[in-house]
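Working notes for the structure below.
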Amino acid sequence: MTLTKRIIPCIDVDLDDDGNAAVYTGVNFENLEYSGDPVEMAKKYNEVGADEFVFLDITASAEGRETMLDTVSAVADECFIPLTVGGGIRTKADIKETLRAGADKVSINSGAIENPELIAEGADAFGSQCIVISVDARRRFDDEGDHYVEIEREDGETEECWFECTVKGGREGTGMDVVTWATEAEERGAGELFVNSIDADGTKDGYDIPLTKAVCDAVSTPVIASSGCGGPEDMEEVFVEAGADAGLAASIFHFDEYGIDEVKRYLDEHGVPVRL
Amino acid sequence: MNVTVIDYGVGNLRSLRRGLERAGADVTVSDDPGAIRDAEALVLPGVGAFRECVNNSEPFHDVLVEKAEDTPILGVCVGLQLMYEESTEGAPEGETVEGLGLIPGRVERLPDSVKVPHMGWNELTPERDHPITDGIEAGDYAYFVHSYCADVTDRTIASCEYGRRFAAVAANEAGNVIGTQFHPEKSGETGLQILSNFVDYAEAYHAGEVAAAE
C-alpha cells in the first residue's frame, strides 16, 4: 500500500459582467475564456474522482472578496474532497476567514513573499497542513540566481537557467530564487508547495520538469506541479521524472479533452499509484 | 437523528456538517457543554495542530467521558487521537500526555522513514466487523492528514499502512465510541458511506437494536 499521486483540477474564478463568480481559463496567464460555474464544476469533479480541488480567486478587488467567500462556501458544500483556496490572502485574518468559509487549505503567494512571517503565524494557529505556499516561477538565463539547472533548448543544445519568483501573474519579478524561497517557506512551516510556471502556463506542452524537479529535490514537503499539462503523458512525466506528489491541470479537464478517470487509468497502466 | 458536532474553533466544519446532512441527520454545531450533554450523537472533529485541539477541546473532555457511557460518538483525526489513553505528541522525551482513555492504546509519531505528515489518499484494510465500516472493502481509499497514529490492536476496525501499520478506524469495547484517523468528510464516496453508517448506527443504538459487544 502506498500513498497515491493526486490529480487536482483547478479553477480560476473571477466576477462576470453581472458581478457573479465564474470560472475562466487562460493561456500564459492571459486571454481568459469563460468555462463554467464554480459550484457546478466542483460538483462534477467531486463525482468523477478528483483527489482534491483548487479554487483560485483572481478578482483581487475588494468587492470581489465578499462574493468570493460566499462562492467558496457554496463550493465547499459540494466538495467532499480537500478544497484549497488561494488568491489575495495577505493576513492571518484572511487565512482564518477563508478556512471558516469552507476551505481545508489556503494557498498563499505574494502575501508570503511580502511578509514571510505569515507562514509561521498561519502554521502555528491552523496547522502546517493547511498552509500551501504557491510560487509563479519564470526561467532566467542571467547570473543572478542561486540554483542553476541545465535545460534542453528546442535546437537540442543545453543551457543553464535559474527560476525566479514572480508576482502579479508573472508581470513582476522579485529577484528571488524559487529553490531558495521554497526551502525557506518549508522551514517557516509551509505544509505544501504549489509550483506554477509562467513559461509553461497554458501551453499544454507539459510541465516545467527541471523546475518541478529542482523544487522536489530541495524540500521534503509535498509538491503540487502546475502549468502546462496537455494530457496523461505529461502527468506521468511530472510524477516519474520530477517526483511531484500531485499534478494540477485546468483546461484539459474543463474543456473535456480528458476525463479525470481517463488520466488515472493511463497512470495506473503505467505503474503510477493513483486512487481509482 | 440529531447529531451534534462539537465546535471548538478548529478547522472547516462545513463539509462534516454537509456530509452528515446528506446521511439524513439534523446537524447542530455547538460549543455549549449543556447542549453537548443533551446530544443524541456526537462528532468530535479534529484538524490541524494537536496541541491547539487538546487545549481548545478541554472544556468538553469531562462531558465526553460522561457521554461515552450511553451515546454514539465519532472522533475524526485528532478527535480520534484524543480518545486514546495517551499520546507522545507534545510530551517530553519518554513521557506521554494523557488522553480521554475511552479507547485503549497509545498515540505515537509516524516513523522517520516516510514523509511526515502522511497527507493524501491511502488504502483501508478491514480488520474486524463494526457497523461503521458497512460497505467498505479492502482497498477503498480514504483521505489522511496526520503525523501521529495508534497501533493496530483488537479494538481496530480497519487499518492503513504508511511507514508502519496503524489504526485507521477504531472503537471502544462497547462499540459506541468510534474514531477515524482519516477525514470521512473529505474522503469522497467512501467517507460519505462512513458518515451515513454512523448516523444509521446512532439510530439503531437509540432504538436498542445494537448488539452487545463481542
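Residues in the C-alpha cells are numbered from 1 in each chain, the chains being A, B, ... in the order shown, and ligands are numbered from 1 in the order shown.
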Residues of range 34-198 of chain A classed as strand (DSSP E or B) by DSSP on the backbone are to be reported as a compact mmCIF listing (two decimals) with all heavy atoms, in the first residue's frame.
```txt
# COMPACT_ATOMS: atom_id res chain seq x y z
N TYR A 34 -14.38 32.12 -20.70
CA TYR A 34 -15.38 31.64 -19.74
C TYR A 34 -15.50 30.13 -19.84
O TYR A 34 -15.61 29.58 -20.92
CB TYR A 34 -16.75 32.29 -20.02
CG TYR A 34 -17.84 31.74 -19.13
CD1 TYR A 34 -18.00 32.21 -17.83
CD2 TYR A 34 -18.69 30.72 -19.58
CE1 TYR A 34 -18.98 31.69 -16.99
CE2 TYR A 34 -19.67 30.19 -18.74
CZ TYR A 34 -19.81 30.68 -17.46
OH TYR A 34 -20.77 30.15 -16.63
N SER A 35 -15.44 29.44 -18.72
CA SER A 35 -15.55 27.98 -18.82
C SER A 35 -16.47 27.33 -17.80
O SER A 35 -16.46 26.11 -17.68
CB SER A 35 -14.17 27.33 -18.83
OG SER A 35 -13.37 27.86 -17.82
N GLY A 36 -17.31 28.09 -17.10
CA GLY A 36 -18.31 27.42 -16.28
C GLY A 36 -18.62 28.07 -14.95
O GLY A 36 -18.03 29.09 -14.57
N PHE A 53 -9.42 19.68 -4.94
CA PHE A 53 -9.97 20.72 -5.81
C PHE A 53 -9.31 22.03 -5.40
O PHE A 53 -9.20 22.34 -4.21
CB PHE A 53 -11.48 20.77 -5.60
CG PHE A 53 -12.22 21.59 -6.62
CD1 PHE A 53 -12.12 21.30 -7.97
CD2 PHE A 53 -13.02 22.65 -6.23
CE1 PHE A 53 -12.81 22.05 -8.92
CE2 PHE A 53 -13.73 23.40 -7.17
CZ PHE A 53 -13.63 23.09 -8.51
N VAL A 54 -8.83 22.80 -6.40
CA VAL A 54 -8.20 24.08 -6.09
C VAL A 54 -9.02 25.21 -6.69
O VAL A 54 -9.42 25.16 -7.86
CB VAL A 54 -6.74 24.14 -6.61
CG1 VAL A 54 -6.17 25.54 -6.46
CG2 VAL A 54 -5.87 23.14 -5.87
N PHE A 55 -9.29 26.22 -5.86
CA PHE A 55 -10.12 27.37 -6.23
C PHE A 55 -9.25 28.61 -6.10
O PHE A 55 -8.82 28.96 -5.00
CB PHE A 55 -11.29 27.42 -5.23
CG PHE A 55 -12.25 28.56 -5.37
CD1 PHE A 55 -13.58 28.31 -5.65
CD2 PHE A 55 -11.86 29.88 -5.18
CE1 PHE A 55 -14.50 29.34 -5.75
CE2 PHE A 55 -12.77 30.92 -5.28
CZ PHE A 55 -14.10 30.64 -5.56
N LEU A 56 -8.94 29.27 -7.22
CA LEU A 56 -8.12 30.48 -7.15
C LEU A 56 -8.97 31.69 -7.48
O LEU A 56 -9.58 31.78 -8.55
CB LEU A 56 -6.93 30.39 -8.10
CG LEU A 56 -5.92 29.28 -7.81
CD1 LEU A 56 -4.80 29.27 -8.83
CD2 LEU A 56 -5.33 29.40 -6.40
N ASP A 57 -9.03 32.62 -6.53
CA ASP A 57 -9.76 33.87 -6.71
C ASP A 57 -8.85 34.82 -7.46
O ASP A 57 -7.82 35.23 -6.94
CB ASP A 57 -10.12 34.39 -5.31
CG ASP A 57 -10.58 35.83 -5.31
OD1 ASP A 57 -10.78 36.41 -6.40
OD2 ASP A 57 -10.74 36.38 -4.21
N LEU A 83 -10.35 20.89 -0.28
CA LEU A 83 -10.52 22.11 -1.05
C LEU A 83 -9.45 23.13 -0.65
O LEU A 83 -9.34 23.50 0.52
CB LEU A 83 -11.92 22.68 -0.78
CG LEU A 83 -12.22 24.09 -1.31
CD1 LEU A 83 -12.20 24.11 -2.84
CD2 LEU A 83 -13.58 24.57 -0.79
N THR A 84 -8.65 23.56 -1.64
CA THR A 84 -7.64 24.59 -1.41
C THR A 84 -8.10 25.88 -2.06
O THR A 84 -8.55 25.86 -3.21
CB THR A 84 -6.29 24.17 -2.03
OG1 THR A 84 -5.87 22.95 -1.43
CG2 THR A 84 -5.22 25.24 -1.78
N VAL A 85 -8.02 26.98 -1.31
CA VAL A 85 -8.45 28.27 -1.85
C VAL A 85 -7.28 29.25 -1.79
O VAL A 85 -6.61 29.38 -0.77
CB VAL A 85 -9.66 28.82 -1.05
CG1 VAL A 85 -10.04 30.21 -1.55
CG2 VAL A 85 -10.85 27.88 -1.17
N GLY A 86 -7.06 29.95 -2.90
CA GLY A 86 -5.98 30.93 -2.95
C GLY A 86 -6.43 32.20 -3.64
O GLY A 86 -7.50 32.27 -4.24
N LYS A 105 -7.49 24.13 2.97
CA LYS A 105 -6.14 24.67 2.91
C LYS A 105 -6.21 26.04 2.23
O LYS A 105 -7.11 26.27 1.43
CB LYS A 105 -5.22 23.79 2.06
CG LYS A 105 -5.26 22.31 2.37
CD LYS A 105 -4.31 21.56 1.44
CE LYS A 105 -4.57 20.06 1.49
NZ LYS A 105 -3.70 19.28 0.61
N VAL A 106 -5.25 26.89 2.53
CA VAL A 106 -5.15 28.15 1.80
C VAL A 106 -3.84 28.17 1.02
O VAL A 106 -2.83 27.65 1.49
CB VAL A 106 -5.19 29.39 2.73
CG1 VAL A 106 -6.57 29.54 3.35
CG2 VAL A 106 -4.12 29.33 3.80
N SER A 107 -3.90 28.74 -0.16
CA SER A 107 -2.70 28.88 -0.96
C SER A 107 -2.29 30.35 -0.93
O SER A 107 -3.09 31.23 -1.25
CB SER A 107 -3.01 28.41 -2.39
OG SER A 107 -1.99 28.83 -3.26
N ILE A 108 -1.06 30.59 -0.51
CA ILE A 108 -0.59 31.97 -0.36
C ILE A 108 0.59 32.20 -1.30
O ILE A 108 1.52 31.40 -1.33
CB ILE A 108 -0.13 32.25 1.09
CG1 ILE A 108 -1.17 31.74 2.10
CG2 ILE A 108 0.14 33.73 1.31
CD1 ILE A 108 -0.72 31.82 3.54
N ILE A 131 -1.36 25.22 5.20
CA ILE A 131 -0.64 26.36 4.61
C ILE A 131 0.12 25.90 3.36
O ILE A 131 1.14 25.21 3.45
CB ILE A 131 0.35 26.99 5.64
CG1 ILE A 131 -0.38 27.34 6.95
CG2 ILE A 131 1.05 28.21 5.03
CD1 ILE A 131 -1.46 28.41 6.82
N VAL A 132 -0.40 26.28 2.22
CA VAL A 132 0.22 25.93 0.94
C VAL A 132 0.89 27.19 0.40
O VAL A 132 0.25 28.24 0.31
CB VAL A 132 -0.84 25.45 -0.07
CG1 VAL A 132 -0.19 25.04 -1.38
CG2 VAL A 132 -1.67 24.31 0.51
N ILE A 133 2.18 27.10 0.09
CA ILE A 133 2.86 28.26 -0.49
C ILE A 133 2.98 28.06 -2.00
O ILE A 133 3.47 27.05 -2.48
CB ILE A 133 4.25 28.47 0.16
CG1 ILE A 133 4.08 28.80 1.65
CG2 ILE A 133 5.03 29.57 -0.55
CD1 ILE A 133 3.23 30.04 1.96
N SER A 134 2.45 29.05 -2.71
CA SER A 134 2.39 28.98 -4.16
C SER A 134 3.44 29.91 -4.77
O SER A 134 3.62 31.03 -4.31
CB SER A 134 0.98 29.43 -4.57
OG SER A 134 0.90 29.64 -5.95
N VAL A 135 4.14 29.41 -5.78
CA VAL A 135 5.11 30.26 -6.48
C VAL A 135 4.81 30.28 -7.97
O VAL A 135 4.40 29.29 -8.55
CB VAL A 135 6.59 29.81 -6.27
CG1 VAL A 135 7.00 29.98 -4.83
CG2 VAL A 135 6.81 28.38 -6.73
N ASP A 136 4.97 31.47 -8.57
CA ASP A 136 4.86 31.63 -10.02
C ASP A 136 6.28 31.80 -10.53
O ASP A 136 6.87 32.87 -10.42
CB ASP A 136 4.04 32.88 -10.37
CG ASP A 136 2.56 32.72 -10.01
OD1 ASP A 136 2.12 31.56 -9.86
OD2 ASP A 136 1.86 33.73 -9.89
N ALA A 137 6.86 30.72 -11.07
CA ALA A 137 8.27 30.73 -11.45
C ALA A 137 8.47 31.12 -12.91
O ALA A 137 7.63 30.84 -13.76
CB ALA A 137 8.86 29.34 -11.21
N ARG A 138 9.60 31.77 -13.16
CA ARG A 138 9.95 32.16 -14.52
C ARG A 138 11.42 31.83 -14.75
O ARG A 138 12.25 32.08 -13.88
CB ARG A 138 9.71 33.66 -14.67
CG ARG A 138 10.05 34.23 -16.02
CD ARG A 138 9.55 35.64 -16.13
NE ARG A 138 10.27 36.54 -15.23
CZ ARG A 138 9.94 37.83 -15.05
NH1 ARG A 138 8.91 38.34 -15.66
NH2 ARG A 138 10.66 38.57 -14.24
N ARG A 139 11.73 31.28 -15.91
CA ARG A 139 13.13 30.95 -16.22
C ARG A 139 13.93 32.22 -16.47
O ARG A 139 13.47 33.12 -17.16
CB ARG A 139 13.19 30.07 -17.46
CG ARG A 139 12.65 28.68 -17.23
CD ARG A 139 12.74 27.84 -18.49
NE ARG A 139 12.32 26.48 -18.20
CZ ARG A 139 12.42 25.47 -19.06
NH1 ARG A 139 12.92 25.68 -20.26
NH2 ARG A 139 12.03 24.26 -18.73
N ARG A 140 15.13 32.25 -15.90
CA ARG A 140 16.05 33.37 -16.20
C ARG A 140 17.42 32.82 -16.57
O ARG A 140 17.87 31.84 -16.01
CB ARG A 140 16.14 34.32 -15.01
CG ARG A 140 15.00 35.34 -15.02
CD ARG A 140 15.09 36.35 -13.93
NE ARG A 140 16.33 37.12 -13.94
CZ ARG A 140 16.53 38.19 -13.19
NH1 ARG A 140 15.57 38.64 -12.38
NH2 ARG A 140 17.68 38.83 -13.22
N VAL A 149 20.01 24.99 -13.17
CA VAL A 149 19.76 23.67 -13.75
C VAL A 149 20.03 23.74 -15.24
O VAL A 149 19.98 24.81 -15.84
CB VAL A 149 18.31 23.17 -13.52
CG1 VAL A 149 18.00 23.01 -12.05
CG2 VAL A 149 17.30 24.11 -14.17
N GLU A 150 20.31 22.56 -15.81
CA GLU A 150 20.54 22.51 -17.24
C GLU A 150 19.23 22.20 -17.94
O GLU A 150 18.52 21.28 -17.56
CB GLU A 150 21.55 21.41 -17.55
CG GLU A 150 22.66 21.90 -18.43
CD GLU A 150 23.81 20.91 -18.53
OE1 GLU A 150 23.55 19.74 -18.82
OE2 GLU A 150 24.95 21.35 -18.33
N ILE A 151 18.89 22.98 -18.93
CA ILE A 151 17.68 22.68 -19.69
C ILE A 151 18.03 22.50 -21.16
O ILE A 151 19.03 23.03 -21.65
CB ILE A 151 16.61 23.80 -19.56
CG1 ILE A 151 17.18 25.15 -20.01
CG2 ILE A 151 16.09 23.89 -18.14
CD1 ILE A 151 16.12 26.08 -20.52
N GLU A 152 17.17 21.75 -21.82
CA GLU A 152 17.42 21.49 -23.23
C GLU A 152 16.62 22.48 -24.07
O GLU A 152 15.42 22.65 -23.87
CB GLU A 152 17.01 20.05 -23.57
CG GLU A 152 17.62 19.57 -24.86
CD GLU A 152 17.30 18.10 -25.12
OE1 GLU A 152 17.23 17.32 -24.14
OE2 GLU A 152 17.11 17.75 -26.29
N THR A 158 22.07 22.44 -24.84
CA THR A 158 21.67 22.65 -23.45
C THR A 158 22.12 24.04 -22.99
O THR A 158 23.06 24.62 -23.55
CB THR A 158 22.26 21.59 -22.50
OG1 THR A 158 23.68 21.63 -22.61
CG2 THR A 158 21.74 20.21 -22.82
N GLU A 159 21.43 24.51 -21.95
CA GLU A 159 21.68 25.86 -21.48
C GLU A 159 21.38 25.86 -19.97
O GLU A 159 20.54 25.10 -19.51
CB GLU A 159 20.71 26.79 -22.20
CG GLU A 159 21.04 28.25 -22.09
CD GLU A 159 20.13 29.08 -23.01
OE1 GLU A 159 19.23 28.52 -23.64
OE2 GLU A 159 20.34 30.28 -23.05
N GLU A 160 22.05 26.75 -19.23
CA GLU A 160 21.77 26.82 -17.80
C GLU A 160 20.77 27.93 -17.50
O GLU A 160 20.83 29.00 -18.10
CB GLU A 160 23.07 27.11 -17.04
CG GLU A 160 23.96 25.90 -16.90
CD GLU A 160 24.79 25.97 -15.64
OE1 GLU A 160 25.25 27.08 -15.31
OE2 GLU A 160 24.95 24.93 -14.97
N CYS A 161 19.85 27.65 -16.59
CA CYS A 161 18.95 28.70 -16.17
C CYS A 161 18.63 28.57 -14.68
O CYS A 161 18.94 27.55 -14.06
CB CYS A 161 17.65 28.70 -16.97
SG CYS A 161 16.46 27.46 -16.45
N TRP A 162 18.07 29.61 -14.11
CA TRP A 162 17.55 29.54 -12.75
C TRP A 162 16.10 29.99 -12.80
O TRP A 162 15.63 30.44 -13.85
CB TRP A 162 18.38 30.39 -11.78
CG TRP A 162 18.38 31.88 -12.04
CD1 TRP A 162 19.07 32.53 -13.00
CD2 TRP A 162 17.67 32.87 -11.30
NE1 TRP A 162 18.84 33.88 -12.92
CE2 TRP A 162 17.99 34.12 -11.88
CE3 TRP A 162 16.81 32.85 -10.19
CZ2 TRP A 162 17.47 35.33 -11.39
CZ3 TRP A 162 16.31 34.05 -9.71
CH2 TRP A 162 16.63 35.27 -10.31
N PHE A 163 15.38 29.82 -11.69
CA PHE A 163 13.96 30.14 -11.68
C PHE A 163 13.70 31.27 -10.68
O PHE A 163 14.09 31.19 -9.52
CB PHE A 163 13.15 28.90 -11.30
CG PHE A 163 13.37 27.76 -12.26
CD1 PHE A 163 14.25 26.73 -11.94
CD2 PHE A 163 12.74 27.73 -13.50
CE1 PHE A 163 14.47 25.68 -12.82
CE2 PHE A 163 12.96 26.69 -14.39
CZ PHE A 163 13.83 25.67 -14.05
N GLU A 164 13.03 32.30 -11.19
CA GLU A 164 12.74 33.47 -10.36
C GLU A 164 11.28 33.46 -9.91
O GLU A 164 10.39 33.12 -10.69
CB GLU A 164 13.00 34.74 -11.20
CG GLU A 164 12.75 36.02 -10.42
CD GLU A 164 12.71 37.27 -11.32
OE1 GLU A 164 12.42 37.14 -12.52
OE2 GLU A 164 12.99 38.36 -10.79
N CYS A 165 11.04 33.85 -8.65
CA CYS A 165 9.67 34.03 -8.16
C CYS A 165 9.13 35.33 -8.75
O CYS A 165 9.76 36.37 -8.61
CB CYS A 165 9.63 34.19 -6.65
SG CYS A 165 10.09 32.74 -5.73
N THR A 166 7.95 35.25 -9.35
CA THR A 166 7.33 36.47 -9.85
C THR A 166 6.03 36.72 -9.08
O THR A 166 5.53 35.82 -8.40
CB THR A 166 6.98 36.36 -11.35
OG1 THR A 166 5.93 35.40 -11.50
CG2 THR A 166 8.18 35.94 -12.17
N VAL A 167 5.52 37.93 -9.17
CA VAL A 167 4.22 38.26 -8.58
C VAL A 167 3.35 38.92 -9.66
O VAL A 167 3.83 39.20 -10.75
CB VAL A 167 4.35 39.17 -7.34
CG1 VAL A 167 4.99 38.42 -6.18
CG2 VAL A 167 5.16 40.43 -7.66
N GLU A 172 5.64 40.80 -12.73
CA GLU A 172 6.68 41.47 -11.96
C GLU A 172 7.64 40.47 -11.34
O GLU A 172 7.20 39.52 -10.67
CB GLU A 172 5.99 42.25 -10.84
CG GLU A 172 6.60 43.59 -10.53
CD GLU A 172 5.70 44.36 -9.58
OE1 GLU A 172 5.87 44.18 -8.36
OE2 GLU A 172 4.83 45.11 -10.06
N GLY A 173 8.93 40.66 -11.56
CA GLY A 173 9.92 39.78 -10.96
C GLY A 173 10.21 40.19 -9.52
O GLY A 173 9.92 41.33 -9.13
N THR A 174 10.77 39.29 -8.71
CA THR A 174 11.13 39.65 -7.34
C THR A 174 12.63 39.51 -7.13
O THR A 174 13.15 39.93 -6.10
CB THR A 174 10.43 38.72 -6.32
OG1 THR A 174 10.93 37.39 -6.53
CG2 THR A 174 8.93 38.74 -6.48
N GLY A 175 13.31 38.89 -8.09
CA GLY A 175 14.75 38.65 -7.94
C GLY A 175 15.05 37.46 -7.04
O GLY A 175 16.20 37.07 -6.88
N MET A 176 13.98 36.86 -6.44
CA MET A 176 14.20 35.75 -5.51
C MET A 176 14.24 34.42 -6.26
O MET A 176 13.43 34.17 -7.13
CB MET A 176 13.06 35.71 -4.50
CG MET A 176 13.57 35.80 -3.12
SD MET A 176 12.35 35.91 -1.83
CE MET A 176 10.82 35.64 -2.51
N ASP A 177 15.19 33.57 -5.88
CA ASP A 177 15.34 32.26 -6.49
C ASP A 177 14.26 31.32 -5.92
O ASP A 177 14.11 31.21 -4.70
CB ASP A 177 16.74 31.71 -6.19
CG ASP A 177 17.05 30.44 -6.96
OD1 ASP A 177 16.27 29.47 -6.85
OD2 ASP A 177 18.07 30.42 -7.67
N GLU A 192 2.90 22.47 2.18
CA GLU A 192 2.87 22.01 0.81
C GLU A 192 3.35 23.14 -0.10
O GLU A 192 3.19 24.31 0.25
CB GLU A 192 1.43 21.65 0.45
CG GLU A 192 1.29 20.44 -0.42
CD GLU A 192 -0.16 19.92 -0.49
OE1 GLU A 192 -1.09 20.62 -0.07
OE2 GLU A 192 -0.31 18.81 -0.97
N LEU A 193 3.92 22.79 -1.25
CA LEU A 193 4.36 23.80 -2.20
C LEU A 193 3.64 23.60 -3.52
O LEU A 193 3.51 22.48 -4.02
CB LEU A 193 5.87 23.73 -2.40
CG LEU A 193 6.64 24.13 -1.15
CD1 LEU A 193 8.05 23.56 -1.18
CD2 LEU A 193 6.68 25.64 -1.00
N PHE A 194 3.19 24.70 -4.05
CA PHE A 194 2.37 24.70 -5.25
C PHE A 194 3.19 25.46 -6.30
O PHE A 194 3.41 26.66 -6.17
CB PHE A 194 1.07 25.41 -4.86
CG PHE A 194 0.04 25.57 -5.93
CD1 PHE A 194 0.16 25.02 -7.19
CD2 PHE A 194 -1.11 26.30 -5.64
CE1 PHE A 194 -0.83 25.19 -8.13
CE2 PHE A 194 -2.11 26.48 -6.57
CZ PHE A 194 -1.97 25.92 -7.82
N VAL A 195 3.70 24.72 -7.30
CA VAL A 195 4.68 25.30 -8.22
C VAL A 195 4.10 25.56 -9.61
O VAL A 195 3.82 24.62 -10.37
CB VAL A 195 5.92 24.38 -8.32
CG1 VAL A 195 6.98 25.01 -9.21
CG2 VAL A 195 6.50 24.11 -6.94
N ASN A 196 3.89 26.82 -9.92
CA ASN A 196 3.40 27.23 -11.23
C ASN A 196 4.55 27.70 -12.10
O ASN A 196 5.54 28.22 -11.58
CB ASN A 196 2.42 28.41 -11.10
CG ASN A 196 1.30 28.13 -10.13
OD1 ASN A 196 0.36 27.44 -10.45
ND2 ASN A 196 1.44 28.63 -8.90
N SER A 197 4.40 27.57 -13.40
CA SER A 197 5.43 28.05 -14.32
C SER A 197 4.81 29.05 -15.30
O SER A 197 3.88 28.71 -16.03
CB SER A 197 6.02 26.88 -15.09
OG SER A 197 6.64 27.36 -16.27
```
- Using only C-alpha atoms, find the residues of chain A whose closest atom to chain B is at most 9 Å away, then write them as a ChimeraX atom specification. /A:1-6,46-47,49,51-52,73,76-83,96,99-104,123-130,191,220-222,274-276
- Skip range 167-170 of chain B itself and residues of its chain fewer than 2 positions away, then list as an NGL selection string all residues within 7 Å of it, counting only C-alpha atoms. :B and (149-152 or 155-160 or 178-182)
- Task: Based on DSSP run over this structure's backbone, return all residues of chain B in alpha helix (DSSP H), as a ChimeraX atom specification.
- Result: /B:14-22,33-37,50-57,61-67,78-81,188-206
Take the residues from that selection and write them out as a compact mmCIF listing (two decimals), in the first residue's frame, keeping C-alpha atoms.
```txt
# COMPACT_ATOMS: atom_id res chain seq x y z
CA ARG B 14 -18.76 22.75 6.74
CA SER B 15 -18.13 19.51 4.88
CA LEU B 16 -18.62 17.45 8.04
CA ARG B 17 -21.97 19.11 8.56
CA ARG B 18 -22.99 18.65 4.93
CA GLY B 19 -21.87 15.03 4.87
CA LEU B 20 -23.95 14.22 7.96
CA GLU B 21 -26.94 16.07 6.50
CA ARG B 22 -26.65 14.04 3.32
CA PRO B 33 -21.37 21.93 27.08
CA GLY B 34 -25.05 21.89 28.08
CA ALA B 35 -26.22 21.18 24.53
CA ILE B 36 -23.47 18.58 24.18
CA ARG B 37 -24.67 16.87 27.37
CA PHE B 50 -2.74 18.64 18.12
CA ARG B 51 -1.84 20.99 20.99
CA GLU B 52 -4.38 23.54 19.76
CA CYS B 53 -7.00 20.78 19.55
CA VAL B 54 -6.22 19.44 23.02
CA ASN B 55 -6.28 22.88 24.61
CA ASN B 56 -9.38 24.12 22.82
CA SER B 57 -11.38 20.95 23.41
CA HIS B 61 -13.42 16.49 27.97
CA ASP B 62 -15.50 15.71 31.07
CA VAL B 63 -18.79 15.75 29.21
CA LEU B 64 -17.31 13.48 26.51
CA VAL B 65 -16.22 10.91 29.10
CA GLU B 66 -19.71 11.05 30.61
CA LYS B 67 -21.45 10.77 27.22
CA VAL B 78 -7.09 14.41 16.17
CA GLY B 79 -10.60 13.78 17.53
CA LEU B 80 -9.78 10.05 17.45
CA GLN B 81 -6.30 10.58 18.89
CA GLY B 188 -15.37 11.16 -1.31
CA GLU B 189 -17.95 8.35 -1.54
CA THR B 190 -16.09 6.12 0.94
CA GLY B 191 -16.19 8.88 3.54
CA LEU B 192 -19.84 9.71 2.93
CA GLN B 193 -20.63 6.00 3.41
CA ILE B 194 -18.90 6.07 6.80
CA LEU B 195 -20.79 9.20 7.92
CA SER B 196 -24.00 7.57 6.76
CA ASN B 197 -23.09 4.38 8.68
CA PHE B 198 -22.52 6.49 11.79
CA VAL B 199 -25.97 8.10 11.52
CA ASP B 200 -27.58 4.67 10.96
CA TYR B 201 -25.64 3.23 13.88
CA ALA B 202 -26.75 6.09 16.14
CA GLU B 203 -30.40 5.45 15.19
CA ALA B 204 -30.09 1.72 15.82
CA TYR B 205 -28.29 2.39 19.10
CA HIS B 206 -31.11 4.53 20.46
```
- Rank nothing, just name the residue among B:Leu102, B:Ala207, B:Val43, B:Ile136 nearest to Cys77 in chain B, using only C-alpha atoms.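 Once distances to Cys77 in chain B are computed over only C-alpha atoms, the minimum belongs to B:Val43.
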- For CA of Met235 in chain A and CA of Tyr45 in chain A, determine how far apart the two atoms are, in Å to one decimal place.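 Computed distance, CA of Met235 in chain A to CA of Tyr45 in chain A, equals 17.4 Å.
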- Between CA of Leu15 in chain A and CA of Gly88 in chain A, what is the distance, to one decimal in Å?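 Result for CA of Leu15 in chain A versus CA of Gly88 in chain A: 14.5 Å, one decimal.
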